[in-house]
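Colleague: This is target-v3.cif (mmCIF, C-alpha atoms).
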```cif
data_my_file
#
loop_
_atom_site.label_atom_id
_atom_site.label_comp_id
_atom_site.auth_asym_id
_atom_site.auth_seq_id
_atom_site.Cartn_x
_atom_site.Cartn_y
_atom_site.Cartn_z
CA MET A 1 -20.04 54.53 35.94
CA ARG A 2 -18.40 53.14 39.06
CA LEU A 3 -20.52 53.03 42.20
CA PRO A 4 -18.09 52.16 45.00
CA LEU A 5 -20.16 53.21 47.99
CA LEU A 6 -23.30 51.49 46.79
CA ALA A 7 -21.46 48.32 45.88
CA ALA A 8 -19.74 48.30 49.26
CA ALA A 9 -23.10 48.62 50.98
CA THR A 10 -24.44 45.52 49.28
CA VAL A 11 -21.33 43.50 50.11
CA LEU A 12 -20.65 44.61 53.66
CA SER A 13 -23.83 45.68 55.36
CA GLY A 14 -26.46 43.38 53.91
CA ALA A 15 -28.95 45.72 55.56
CA LEU A 16 -30.72 47.28 52.60
CA ALA A 17 -34.32 46.15 52.30
CA VAL A 18 -35.83 44.90 49.06
CA PRO A 19 -38.70 47.25 48.12
CA ALA A 20 -42.15 45.73 48.25
CA ALA A 21 -43.64 44.21 45.10
CA VAL A 22 -40.28 43.94 43.37
CA PRO A 23 -39.92 40.84 41.18
CA ALA A 24 -37.07 38.78 42.58
CA PHE A 25 -35.30 35.65 41.40
CA ALA A 26 -33.76 33.07 43.69
CA ASP A 27 -30.20 31.89 43.17
CA SER A 28 -31.31 28.24 43.13
CA ALA A 29 -31.28 28.26 39.34
CA PRO A 30 -30.21 25.25 37.28
CA PRO A 31 -26.43 24.90 36.82
CA ALA A 32 -24.85 27.20 34.30
CA ALA A 33 -24.30 25.95 30.82
CA ALA A 34 -20.69 25.69 29.73
CA ALA A 35 -19.01 28.51 27.88
CA THR A 36 -19.26 28.20 24.14
CA TYR A 37 -17.72 29.61 20.99
CA GLY A 38 -19.59 31.96 18.75
CA ALA A 39 -20.23 31.15 15.11
CA ALA A 40 -17.20 29.92 13.21
CA ALA A 41 -17.38 32.92 10.88
CA HIS A 42 -16.50 35.13 13.83
CA ARG A 43 -13.37 33.23 14.90
CA PRO A 44 -11.15 32.44 11.91
CA GLY A 45 -8.17 30.33 12.89
CA VAL A 46 -8.92 30.29 16.63
CA ALA A 47 -8.74 26.90 18.33
CA ASP A 48 -10.73 26.00 21.43
CA HIS A 49 -9.01 27.10 24.60
CA LEU A 50 -10.19 25.22 27.66
CA ALA A 51 -8.75 27.74 30.10
CA TRP A 52 -10.88 30.51 28.57
CA HIS A 53 -14.00 28.34 28.84
CA LYS A 54 -13.25 27.53 32.46
CA ALA A 55 -12.56 31.16 33.38
CA LEU A 56 -16.07 32.17 32.32
CA ASP A 57 -17.66 29.19 34.04
CA ASP A 58 -15.79 30.13 37.22
CA VAL A 59 -17.33 33.63 37.09
CA VAL A 60 -20.81 32.12 36.98
CA ALA A 61 -19.92 29.65 39.75
CA ALA A 62 -18.93 32.64 41.91
CA GLY A 63 -22.51 33.90 41.80
CA VAL A 64 -23.05 35.74 38.50
CA PRO A 65 -26.19 35.03 36.43
CA GLY A 66 -24.39 35.28 33.10
CA VAL A 67 -21.19 36.41 31.41
CA ILE A 68 -20.12 37.08 27.82
CA ALA A 69 -16.64 37.74 26.47
CA GLU A 70 -14.73 38.37 23.28
CA VAL A 71 -11.01 37.94 22.68
CA HIS A 72 -9.51 39.48 19.55
CA ASP A 73 -5.91 38.71 18.62
CA VAL A 74 -3.78 37.93 15.58
CA ARG A 75 -5.43 34.52 15.22
CA GLY A 76 -8.93 35.90 15.00
CA ILE A 77 -11.89 36.40 17.28
CA TRP A 78 -13.05 34.10 20.07
CA THR A 79 -16.41 34.60 21.76
CA GLY A 80 -17.53 32.87 24.92
CA THR A 81 -20.61 32.80 27.10
CA SER A 82 -21.69 31.08 30.30
CA GLY A 83 -24.67 31.13 32.63
CA ARG A 84 -28.03 32.66 31.80
CA GLY A 85 -29.12 35.86 30.12
CA ASN A 86 -32.55 35.76 31.73
CA LEU A 87 -33.28 33.99 35.01
CA HIS A 88 -36.73 33.01 33.69
CA HIS A 89 -35.09 30.92 30.95
CA ARG A 90 -32.16 28.53 30.56
CA GLN A 91 -30.62 30.05 27.44
CA LEU A 92 -27.03 31.25 27.46
CA PRO A 93 -26.47 35.01 27.19
CA SER A 94 -26.02 36.03 23.56
CA VAL A 95 -22.38 36.74 22.71
CA ASP A 96 -23.65 39.53 20.45
CA GLY A 97 -25.83 41.01 23.18
CA ARG A 98 -25.75 44.67 24.14
CA PHE A 99 -25.22 45.92 27.68
CA ARG A 100 -24.72 49.10 29.68
CA ALA A 101 -20.98 49.76 29.46
CA GLY A 102 -20.79 52.15 32.41
CA SER A 103 -17.55 54.07 32.84
CA ASN A 104 -16.11 52.78 29.60
CA THR A 105 -18.03 55.85 28.41
CA LYS A 106 -15.28 57.97 29.96
CA THR A 107 -12.67 56.78 27.47
CA PHE A 108 -14.94 57.84 24.58
CA VAL A 109 -15.41 61.24 26.21
CA ALA A 110 -11.69 61.63 26.87
CA THR A 111 -10.80 60.66 23.30
CA THR A 112 -13.21 63.28 21.96
CA VAL A 113 -11.77 65.97 24.24
CA LEU A 114 -8.25 65.06 23.13
CA GLN A 115 -9.30 65.26 19.49
CA LEU A 116 -10.47 68.79 20.22
CA VAL A 117 -7.06 69.43 21.80
CA ALA A 118 -5.41 68.16 18.61
CA GLU A 119 -7.57 70.60 16.63
CA LYS A 120 -6.48 73.42 18.98
CA LYS A 121 -10.05 74.04 20.08
CA VAL A 122 -9.23 73.07 23.68
CA ARG A 123 -6.02 73.36 25.68
CA LEU A 124 -5.23 70.59 28.14
CA ASP A 125 -3.71 72.88 30.73
CA ALA A 126 -6.22 75.69 30.39
CA PRO A 127 -8.63 76.24 33.28
CA ILE A 128 -12.15 74.95 32.75
CA GLU A 129 -13.34 78.47 33.61
CA ARG A 130 -12.12 79.57 30.16
CA TYR A 131 -14.67 77.33 28.44
CA LEU A 132 -17.46 77.09 31.04
CA PRO A 133 -17.39 80.38 32.96
CA HIS A 134 -19.06 80.45 36.38
CA LEU A 135 -20.01 76.76 36.23
CA VAL A 136 -17.39 74.99 38.37
CA PRO A 137 -16.40 76.30 41.82
CA ASN A 138 -12.71 77.24 41.74
CA GLY A 139 -12.85 76.68 37.99
CA LYS A 140 -10.02 79.16 37.43
CA HIS A 141 -7.67 76.68 39.09
CA ILE A 142 -9.00 73.39 37.68
CA THR A 143 -7.58 72.40 34.30
CA VAL A 144 -9.00 70.21 31.58
CA ARG A 145 -6.14 67.76 32.21
CA GLN A 146 -7.08 67.52 35.90
CA LEU A 147 -10.68 66.73 35.01
CA LEU A 148 -9.61 64.00 32.59
CA SER A 149 -7.23 62.43 35.12
CA HIS A 150 -9.46 62.70 38.21
CA ARG A 151 -7.13 65.16 39.88
CA SER A 152 -9.56 68.09 40.11
CA GLY A 153 -10.65 67.37 43.67
CA LEU A 154 -14.34 67.73 42.74
CA PHE A 155 -16.68 65.67 44.91
CA ASN A 156 -18.12 62.53 43.28
CA TYR A 157 -21.86 63.16 43.01
CA THR A 158 -22.72 59.43 42.86
CA ASP A 159 -21.42 59.03 46.40
CA SER A 160 -24.29 61.15 47.75
CA LEU A 161 -27.03 61.31 45.10
CA TRP A 162 -28.89 58.33 46.57
CA GLY A 163 -27.67 58.73 50.13
CA GLY A 164 -25.45 55.67 49.72
CA SER A 165 -28.60 53.53 49.43
CA LEU A 166 -28.92 50.90 46.73
CA GLU A 167 -32.65 50.78 47.49
CA GLN A 168 -33.00 54.51 46.84
CA MET A 169 -31.05 54.18 43.61
CA TYR A 170 -33.40 51.38 42.55
CA LYS A 171 -36.54 53.31 43.45
CA THR A 172 -35.47 56.36 41.41
CA ARG A 173 -34.03 54.48 38.43
CA PHE A 174 -36.62 55.94 36.04
CA ARG A 175 -36.06 59.55 37.07
CA ASN A 176 -34.65 61.92 34.48
CA TRP A 177 -31.68 63.95 35.77
CA THR A 178 -30.10 66.95 34.06
CA PRO A 179 -26.33 67.47 34.09
CA GLN A 180 -26.96 70.67 36.02
CA GLU A 181 -28.74 68.71 38.76
CA LEU A 182 -25.86 66.24 38.98
CA LEU A 183 -23.33 69.06 39.29
CA ALA A 184 -25.47 70.83 41.88
CA GLU A 185 -25.34 67.67 43.99
CA ALA A 186 -21.55 67.52 43.64
CA PHE A 187 -21.02 71.17 44.43
CA ARG A 188 -23.02 70.93 47.66
CA HIS A 189 -19.97 69.16 49.05
CA ALA A 190 -16.50 70.47 49.72
CA PRO A 191 -13.79 69.32 47.31
CA TYR A 192 -11.56 66.46 48.37
CA PHE A 193 -8.36 68.47 47.93
CA ALA A 194 -6.86 71.43 46.10
CA PRO A 195 -6.70 70.85 42.31
CA GLY A 196 -3.68 68.87 41.19
CA THR A 197 -2.46 67.97 44.69
CA ALA A 198 -3.88 64.42 44.76
CA GLY A 199 -6.23 62.10 42.89
CA HIS A 200 -9.75 60.82 43.53
CA TYR A 201 -12.03 59.05 41.03
CA SER A 202 -15.06 61.28 40.50
CA ASN A 203 -17.88 60.93 37.98
CA THR A 204 -18.39 64.68 38.36
CA ASN A 205 -15.30 65.34 36.25
CA TYR A 206 -16.85 63.66 33.23
CA ILE A 207 -20.18 65.46 33.55
CA VAL A 208 -18.18 68.69 33.29
CA LEU A 209 -16.20 67.34 30.33
CA GLY A 210 -19.43 66.43 28.53
CA MET A 211 -20.57 70.03 28.95
CA LEU A 212 -17.17 71.20 27.68
CA ILE A 213 -17.61 69.20 24.48
CA GLU A 214 -21.06 70.70 23.97
CA LYS A 215 -19.86 74.25 24.55
CA VAL A 216 -16.89 73.96 22.18
CA THR A 217 -18.62 72.08 19.35
CA GLY A 218 -22.17 73.37 19.57
CA LYS A 219 -23.48 69.77 19.60
CA SER A 220 -24.29 67.45 22.46
CA ALA A 221 -21.37 65.35 23.67
CA GLU A 222 -23.29 62.22 22.71
CA GLN A 223 -23.74 63.44 19.12
CA GLU A 224 -20.12 64.56 18.86
CA ILE A 225 -18.89 61.17 20.07
CA THR A 226 -21.20 59.49 17.57
CA ASP A 227 -19.89 61.64 14.72
CA ARG A 228 -16.22 61.35 15.64
CA ILE A 229 -15.94 57.77 16.91
CA LEU A 230 -18.99 55.54 16.62
CA GLY A 231 -19.69 56.34 12.98
CA PRO A 232 -16.13 56.30 11.60
CA LEU A 233 -15.27 53.05 13.41
CA GLY A 234 -18.50 51.37 12.37
CA LEU A 235 -19.60 50.72 15.95
CA ARG A 236 -23.17 50.00 14.84
CA HIS A 237 -24.27 48.46 18.11
CA THR A 238 -22.97 51.22 20.37
CA SER A 239 -25.25 54.10 21.28
CA PHE A 240 -26.38 56.52 23.93
CA PRO A 241 -29.84 55.84 25.36
CA ASP A 242 -31.04 59.47 25.52
CA ASN A 243 -34.15 59.21 27.72
CA SER A 244 -35.05 55.64 26.77
CA VAL A 245 -35.01 53.16 29.64
CA ARG A 246 -34.58 50.19 27.29
CA ILE A 247 -31.54 48.52 25.77
CA PRO A 248 -32.04 48.20 21.99
CA GLY A 249 -31.46 44.89 20.26
CA PRO A 250 -30.62 41.54 21.87
CA HIS A 251 -29.38 41.79 25.45
CA ALA A 252 -29.14 39.91 28.70
CA HIS A 253 -31.31 41.05 31.59
CA GLY A 254 -29.41 42.92 34.29
CA TYR A 255 -29.76 42.05 37.98
CA ILE A 256 -28.89 43.30 41.45
CA ARG A 257 -29.06 41.67 44.87
CA MET A 258 -30.54 44.25 47.20
CA ASN A 259 -29.43 42.47 50.38
CA GLY A 260 -26.03 41.26 49.27
CA PRO A 261 -24.79 37.71 48.52
CA GLY A 262 -27.45 35.05 48.90
CA SER A 263 -30.42 37.41 48.60
CA PRO A 264 -32.87 37.23 45.67
CA ARG A 265 -31.94 38.91 42.42
CA ILE A 266 -34.00 41.82 41.13
CA ASP A 267 -34.35 42.66 37.44
CA VAL A 268 -33.05 46.18 36.71
CA THR A 269 -32.67 45.87 32.94
CA GLU A 270 -34.74 48.98 32.32
CA GLU A 271 -33.31 52.20 33.74
CA ASN A 272 -33.05 55.87 32.83
CA MET A 273 -29.30 56.42 32.49
CA SER A 274 -29.40 60.21 32.79
CA ALA A 275 -27.88 59.87 36.27
CA ALA A 276 -24.76 58.57 34.51
CA SER A 277 -24.83 60.89 31.47
CA THR A 278 -21.33 61.39 30.00
CA ALA A 279 -19.80 59.62 33.00
CA GLY A 280 -21.31 56.25 32.14
CA SER A 281 -24.47 55.94 30.02
CA LEU A 282 -23.08 54.23 26.89
CA ILE A 283 -24.63 50.99 25.58
CA SER A 284 -22.30 48.70 23.64
CA THR A 285 -21.18 45.14 22.84
CA THR A 286 -18.00 43.18 23.50
CA HIS A 287 -17.11 43.39 19.81
CA ASP A 288 -17.62 47.14 19.54
CA LEU A 289 -15.62 47.89 22.69
CA ASN A 290 -12.76 45.74 21.43
CA ARG A 291 -12.81 47.61 18.13
CA PHE A 292 -12.77 50.95 19.91
CA PHE A 293 -9.86 50.16 22.23
CA SER A 294 -7.97 48.52 19.37
CA ALA A 295 -8.33 51.68 17.29
CA LEU A 296 -7.41 53.92 20.22
CA ILE A 297 -4.30 52.08 21.41
CA GLY A 298 -3.42 51.32 17.79
CA GLY A 299 -3.05 55.05 17.14
CA LYS A 300 -6.02 55.53 14.81
CA LEU A 301 -7.91 58.08 16.89
CA LEU A 302 -5.26 60.41 18.34
CA PRO A 303 -1.87 61.81 17.36
CA PRO A 304 0.99 59.85 19.00
CA ALA A 305 1.91 62.64 21.43
CA LEU A 306 -1.62 62.88 22.79
CA LEU A 307 -2.00 59.10 23.03
CA ARG A 308 1.18 59.01 25.11
CA GLN A 309 -0.27 61.63 27.45
CA MET A 310 -3.48 59.62 27.70
CA GLN A 311 -1.41 56.60 28.75
CA ASP A 312 0.71 58.57 31.25
CA VAL A 313 -0.89 57.15 34.38
CA LYS A 314 -0.66 58.27 37.99
CA PRO A 315 -1.87 56.51 41.14
CA LEU A 316 -5.47 56.85 42.29
CA PRO A 317 -6.66 55.58 45.68
CA ASN A 318 -8.38 52.18 45.40
CA GLN A 319 -8.16 52.27 41.60
CA SER A 320 -5.78 51.19 38.87
CA PRO A 321 -3.22 53.85 37.88
CA TYR A 322 -5.08 56.36 35.73
CA GLY A 323 -4.14 58.58 32.81
CA LEU A 324 -6.50 60.74 30.76
CA GLY A 325 -9.67 58.66 30.65
CA LEU A 326 -7.69 55.43 30.55
CA ASP A 327 -6.35 53.12 33.23
CA ARG A 328 -3.45 50.68 33.18
CA ILE A 329 -3.20 47.18 34.58
CA THR A 330 -0.13 44.95 34.72
CA ASP A 331 0.49 41.26 35.29
CA PRO A 332 3.39 38.91 34.44
CA ALA A 333 0.95 36.81 32.41
CA TYR A 334 0.32 39.54 29.81
CA GLY A 335 2.58 42.49 30.69
CA THR A 336 0.74 45.82 30.45
CA ALA A 337 -2.77 46.56 29.25
CA TYR A 338 -4.81 49.75 28.89
CA GLY A 339 -8.57 50.16 29.05
CA HIS A 340 -11.38 50.83 31.47
CA THR A 341 -14.01 49.18 33.65
CA GLY A 342 -17.64 50.11 34.05
CA GLY A 343 -20.39 49.32 36.51
CA THR A 344 -24.09 50.27 36.53
CA LEU A 345 -27.19 48.80 38.11
CA GLY A 346 -27.28 45.34 36.55
CA TYR A 347 -24.07 45.29 34.49
CA THR A 348 -20.29 45.20 34.94
CA THR A 349 -17.81 45.43 32.06
CA TYR A 350 -14.02 45.14 31.76
CA SER A 351 -12.44 46.16 28.44
CA TYR A 352 -8.66 46.13 27.89
CA THR A 353 -6.06 45.86 25.17
CA THR A 354 -2.44 44.87 25.64
CA ALA A 355 0.11 47.65 25.30
CA ASP A 356 1.63 45.97 22.25
CA HIS A 357 -1.83 46.01 20.64
CA SER A 358 -1.74 42.24 20.14
CA ARG A 359 -4.91 41.34 22.04
CA GLN A 360 -8.20 42.96 23.00
CA VAL A 361 -10.49 41.50 25.67
CA THR A 362 -13.94 42.60 26.81
CA ILE A 363 -15.93 40.75 29.49
CA SER A 364 -19.42 41.74 30.56
CA LEU A 365 -21.54 40.46 33.46
CA ASN A 366 -25.28 40.95 33.81
CA THR A 367 -24.94 42.00 37.45
CA MET A 368 -23.00 44.36 39.67
CA ILE A 369 -19.93 42.95 41.39
CA ASP A 370 -21.33 42.51 44.89
CA SER A 371 -19.07 39.96 46.56
CA PRO A 372 -15.32 39.33 46.91
CA GLN A 373 -15.80 35.97 45.19
CA ILE A 374 -17.23 37.58 42.06
CA LYS A 375 -14.49 40.22 42.04
CA THR A 376 -11.77 37.56 42.28
CA ALA A 377 -13.34 35.40 39.56
CA MET A 378 -13.76 38.40 37.25
CA ASP A 379 -10.15 39.53 37.77
CA ASN A 380 -8.92 35.98 37.14
CA ALA A 381 -10.98 35.74 33.96
CA LEU A 382 -9.53 38.99 32.65
CA THR A 383 -5.99 37.81 33.35
CA THR A 384 -6.66 34.45 31.69
CA LEU A 385 -8.17 35.95 28.56
CA LEU A 386 -5.48 38.60 28.21
CA SER A 387 -2.75 35.95 28.49
CA SER A 388 -1.43 34.16 25.43
CA PRO A 389 -2.75 30.61 25.06
CA THR A 390 -0.33 27.96 26.22
CA LYS A 391 -2.42 24.98 25.23
CA THR A 392 -5.23 24.45 22.74
CA ALA A 393 -7.70 21.63 22.41
#
```
Could you show the structure in this file as structure tokens?

Modeller:
Amino acid sequence: MRLPLLAAATVLSGALAVPAAVPAFADSAPPAAAATYGAAAHRPGVADHLAWHKALDDVVAAGVPGVIAEVHDVRGIWTGTSGRGNLHHRQLPSVDGRFRAGSNTKTFVATTVLQLVAEKKVRLDAPIERYLPHLVPNGKHITVRQLLSHRSGLFNYTDSLWGGSLEQMYKTRFRNWTPQELLAEAFRHAPYFAPGTAGHYSNTNYIVLGMLIEKVTGKSAEQEITDRILGPLGLRHTSFPDNSVRIPGPHAHGYIRMNGPGSPRIDVTEENMSAASTAGSLISTTHDLNRFFSALIGGKLLPPALLRQMQDVKPLPNQSPYGLGLDRITDPAYGTAYGHTGGTLGYTTYSYTTADHSRQVTISLNTMIDSPQIKTAMDNALTTLLSSPTKTA
């Protein structure tokens, strides 16, 4: 899930108060440990690449507690880690650790919807009213395609659910929300524009799409995604949390800074993710996300015609060009890559694969991006890891 208004508040205003009796951790921690490779068995034929090490160390130097990454290409798998997975200890974050993947969930949801399209159970250009009557205002004029591509005009419920307050989001992080409550919050607000006339990133679209999957299949969206994607691809460390506030298995602790850069960090590892639901509640690992995007862009999950439509991106304000649950980034260093980003309380994840399917990269931080310095370092790290090595050591 992306939380632009809340993130902006922590960066720009610095005015949100830390709630009383919240455990906080100062940023005067010991220097980060250097990035390291994972076990040799996980990286056949991959030589050390100093630029990849440095890119992760630079992310930590910019103010991140810890970072983990995996690069998968024709030479094998490289894993790297830097910083700390728990501010009470000095250990590096585990390269195999799980994390909240945020809006990377949307690509799993979109892939499932498009599989239903391939099976002729859903039509891309049919109105959502056909499948979910009387649920969505103006649903007769909003298509499934427009929901997938953020061109429905529906208001983004996460922009108002907590009143734009990171403190309020923190205080209610254990509350259980229903999809109906999330949609009710969205529908209290006027749409941004008439369907199909513009674009605006909105988590609301993917709450509706989760309900579409349930209506068409008779199973929850989470179970359908598990049956169609997680199981067949062997993504054993990817799951939906249901109502659990914990992350199963090894994981780094997640942190936020309530008052922006320089303020103490607060542990937000435990959280009820129902506020994200099918817009961003997935838990995963760098390895599993790389396997998923490799299978998707490699043509193993969708017919070629539908994959091309998924990759047919259009501009979105303040976002990368967006297709059907997939965005596109470009840079001379690596050409074109497809994937998604995700942000929740305590975690930020970038996961991309090059258009030629030659390299997959996933990077995960155990914090929100809450400063321009962190954003720049994270973007630089992604570019460095997506680029072909020019020198090995």

Colleague: From the set A:Leu386, A:Leu282, A:Ala381, A:Ala61, which residue has the shortest atom-to-atom contact distance to A:Ala333, counting all atoms listed in the file?

Modeller: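 Closest candidate: A:Leu386.
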
Colleague: Could you check which of A:Arg75, A:Gly83, A:Arg188, A:Ile283 is closest to A:Val59, using all atoms listed in the file?

Modeller: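 Counting all atoms listed in the file, the residue closest to A:Val59 is A:Gly83.
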
Colleague: Please compute the atom CA of A:Gly254-atom CA of A:Ile77 distance, one decimal, in Å.

Modeller: 25.3 Å

Colleague: Which residues of stretch 35-146 of chain A sit at most 12 Å from stretch 226-234 of chain A, using only C-alpha atoms? Give each one's shortest atom pair and distance in Å (one decimal place), in chain and ascending residue order, as CSV.

Modeller:
```
residue,atom,partner,partner_atom,distance
A:Thr105,CA,A:Leu230,CA,11.8
A:Thr107,CA,A:Ile229,CA,11.1
A:Phe108,CA,A:Ile229,CA,7.7
A:Val109,CA,A:Ile229,CA,9.9
A:Ala110,CA,A:Ile229,CA,11.5
A:Thr111,CA,A:Ile229,CA,8.7
A:Thr112,CA,A:Arg228,CA,7.3
A:Val113,CA,A:Arg228,CA,10.7
A:Leu114,CA,A:Arg228,CA,11.5
A:Gln115,CA,A:Arg228,CA,8.8
A:Leu116,CA,A:Arg228,CA,10.5
```

Colleague: Output C-alpha atoms for every residue in the selection just made, as a compact mmCIF listing (two decimals), keeping the file's coordinate frame.

Modeller:
```
# COMPACT_ATOMS: atom_id res chain seq x y z
CA THR A 105 -18.03 55.85 28.41
CA THR A 107 -12.67 56.78 27.47
CA PHE A 108 -14.94 57.84 24.58
CA VAL A 109 -15.41 61.24 26.21
CA ALA A 110 -11.69 61.63 26.87
CA THR A 111 -10.80 60.66 23.30
CA THR A 112 -13.21 63.28 21.96
CA VAL A 113 -11.77 65.97 24.24
CA LEU A 114 -8.25 65.06 23.13
CA GLN A 115 -9.30 65.26 19.49
CA LEU A 116 -10.47 68.79 20.22
```

Colleague: Could the residues of stretch 147-253 of chain A that have an atom at most 10 Å from stretch 357-372 of chain A be listed as a tab-separated table, each with its closest atom pair and the distance in Å to one decimal, counting all atoms listed in the file and ordered by chain and ascending residue number?

Modeller:
```
residue	atom	partner	partner_atom	distance
A:His251	CA	A:Asn366	CA	9.3
A:Ala252	CA	A:Asn366	CA	6.5
A:His253	CA	A:Asn366	CA	6.4
```

Colleague: Could the residues in this selection be written to a file with C-alpha atoms, as a short mmCIF file (atom, residue, chain, number, x, y, z; two decimals), in the frame of the given file?

Modeller:
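Okay, part.cif is ready:
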```cif
data_model
loop_
_atom_site.label_atom_id
_atom_site.label_comp_id
_atom_site.auth_asym_id
_atom_site.auth_seq_id
_atom_site.Cartn_x
_atom_site.Cartn_y
_atom_site.Cartn_z
CA HIS A 251 -29.38 41.79 25.45
CA ALA A 252 -29.14 39.91 28.70
CA HIS A 253 -31.31 41.05 31.59
#
```

Colleague: Determine the residue set returned by the PyMOL selection byres ((chain A and resi 306-313) around 10) for the present structure, and present it as a PyMOL selection string.

Modeller: chain A and resi 107+110-111+114-115+117-118+145+148-149+296-305+314-316+320-328+338-339+355

Colleague: Enter the distance from atom CA of A:Leu161 to atom CA of A:Ala186, in Å, rounded to one decimal.

Modeller: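 A separation of 8.4 Å between them.
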
Colleague: Find, counting all atoms listed in the file, the residue in A:Leu135, A:Ala101, A:Met169, A:Leu212 that gets nearest to A:Lys121.

Modeller: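 Counting all atoms listed in the file, the residue closest to A:Lys121 is A:Leu212.
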
Colleague: Please expand the PyMOL selection byres ((chain A and resi 277) around 10) into the concrete residues it hits in this file, giving the result as a list in words.

Modeller: Met1, Gly102, Thr105, Trp177, Thr178, Pro179, Leu182, Asn203, Tyr206, Ile207, Gly210, Ala221, Glu222, Phe240, Pro241, Asp242, Asn272, Met273, Ser274, Ala275, Ala276, Thr278, Ala279, Gly280, Ser281 and Leu282 of chain A

Colleague: Can you pull out the residues contacting A:Ala190? Cut-off 10 Å, using all atoms listed in the file, and skip same-chain residues under 5 positions away; I want them as an MDAnalysis selection string.

Modeller: chainID A and resid 137 153:155

Colleague: Rank A:Ile213, A:Ser387, A:Gly262, A:Ala377 by their smallest atom-to-atom distance to A:Asp57, using all atoms listed in the file, and report the top residue only.

Modeller: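 Checking each candidate against A:Asp57, we get A:Ala377 as the closest.
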
Colleague: So how far away is atom CA of A:Thr353 from atom CA of A:Ser82, in Å?

Modeller: 22.1 Å

Colleague: Ranking A:Leu235, A:Leu382, A:Val67, A:Val208 by minimum distance to A:Ala295 and counting all atoms listed in the file, which one comes first?

Modeller: A:Leu235

Colleague: When distances are computed from all atoms listed in the file, which of A:Thr81, A:Thr348, A:His72, A:Arg236 shows the smallest separation from A:Ala55?

Modeller: A:Thr81

Colleague: Edge lengths and centre, in Å to one decimal, as AutoDock Vina command-line options: that's what I need for the box along x, y and z that holds all listed atoms of stretch 93-107 of chain A plus 8 Å on each side.

Modeller:
```
--center_x -19.6 --center_y 46.5 --center_z 26.6 --size_x 29.8 --size_y 39.0 --size_z 28.4
```

Colleague: Please evaluate the PyMOL selection byres ((chain A and resi 201) around 8) against the structure above and give the resulting residues as a CSV table (one decimal) with C-alpha atoms, keeping the file's coordinate frame.

Modeller:
```csv
chain,number,residue,atom,x,y,z
A,150,HIS,CA,-9.5,62.7,38.2
A,151,ARG,CA,-7.1,65.2,39.9
A,156,ASN,CA,-18.1,62.5,43.3
A,199,GLY,CA,-6.2,62.1,42.9
A,200,HIS,CA,-9.8,60.8,43.5
A,202,SER,CA,-15.1,61.3,40.5
A,203,ASN,CA,-17.9,60.9,38.0
A,316,LEU,CA,-5.5,56.8,42.3
A,317,PRO,CA,-6.7,55.6,45.7
A,319,GLN,CA,-8.2,52.3,41.6
```

Colleague: Tell me which protein, DNA and RNA residues are within 7 Å of A:Ser284, counting only C-alpha atoms, leaving out same-chain ones fewer than 5 positions away, and put them as a ChimeraX atom specification.

Modeller: /A:98-101,237-239,289

Colleague: From the coordinates I just gave you, please extract stretch 145-152 of chain A so that only N, CA, C and O atoms remain, then output it as a tab-separated table (two decimals), in the first residue's frame.

Modeller:
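out29.tsv, freshly written:
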```tsv
chain	number	residue	atom	x	y	z
A	145	ARG	N	-11.16	-2.79	-16.23
A	145	ARG	CA	-9.89	-2.27	-16.71
A	145	ARG	C	-9.53	-0.96	-16.00
A	145	ARG	O	-8.36	-0.73	-15.63
A	146	GLN	N	-10.51	-0.08	-15.82
A	146	GLN	CA	-10.26	1.20	-15.17
A	146	GLN	C	-9.88	1.03	-13.70
A	146	GLN	O	-9.06	1.78	-13.17
A	147	LEU	N	-10.45	0.04	-13.04
A	147	LEU	CA	-10.05	-0.26	-11.67
A	147	LEU	C	-8.62	-0.76	-11.62
A	147	LEU	O	-7.82	-0.31	-10.78
A	148	LEU	N	-8.26	-1.65	-12.50
A	148	LEU	CA	-6.91	-2.20	-12.53
A	148	LEU	C	-5.85	-1.14	-12.83
A	148	LEU	O	-4.73	-1.21	-12.31
A	149	SER	N	-6.20	-0.16	-13.65
A	149	SER	CA	-5.23	0.84	-14.11
A	149	SER	C	-5.30	2.16	-13.37
A	149	SER	O	-4.65	3.12	-13.74
A	150	HIS	N	-6.10	2.21	-12.31
A	150	HIS	CA	-6.27	3.45	-11.51
A	150	HIS	C	-6.84	4.60	-12.34
A	150	HIS	O	-6.41	5.74	-12.21
A	151	ARG	N	-7.78	4.27	-13.18
A	151	ARG	CA	-8.43	5.29	-13.99
A	151	ARG	C	-9.95	5.32	-13.74
A	151	ARG	O	-10.72	5.80	-14.57
A	152	SER	N	-10.35	4.84	-12.57
A	152	SER	CA	-11.77	4.83	-12.21
A	152	SER	C	-12.24	6.17	-11.67
A	152	SER	O	-13.44	6.48	-11.72
```
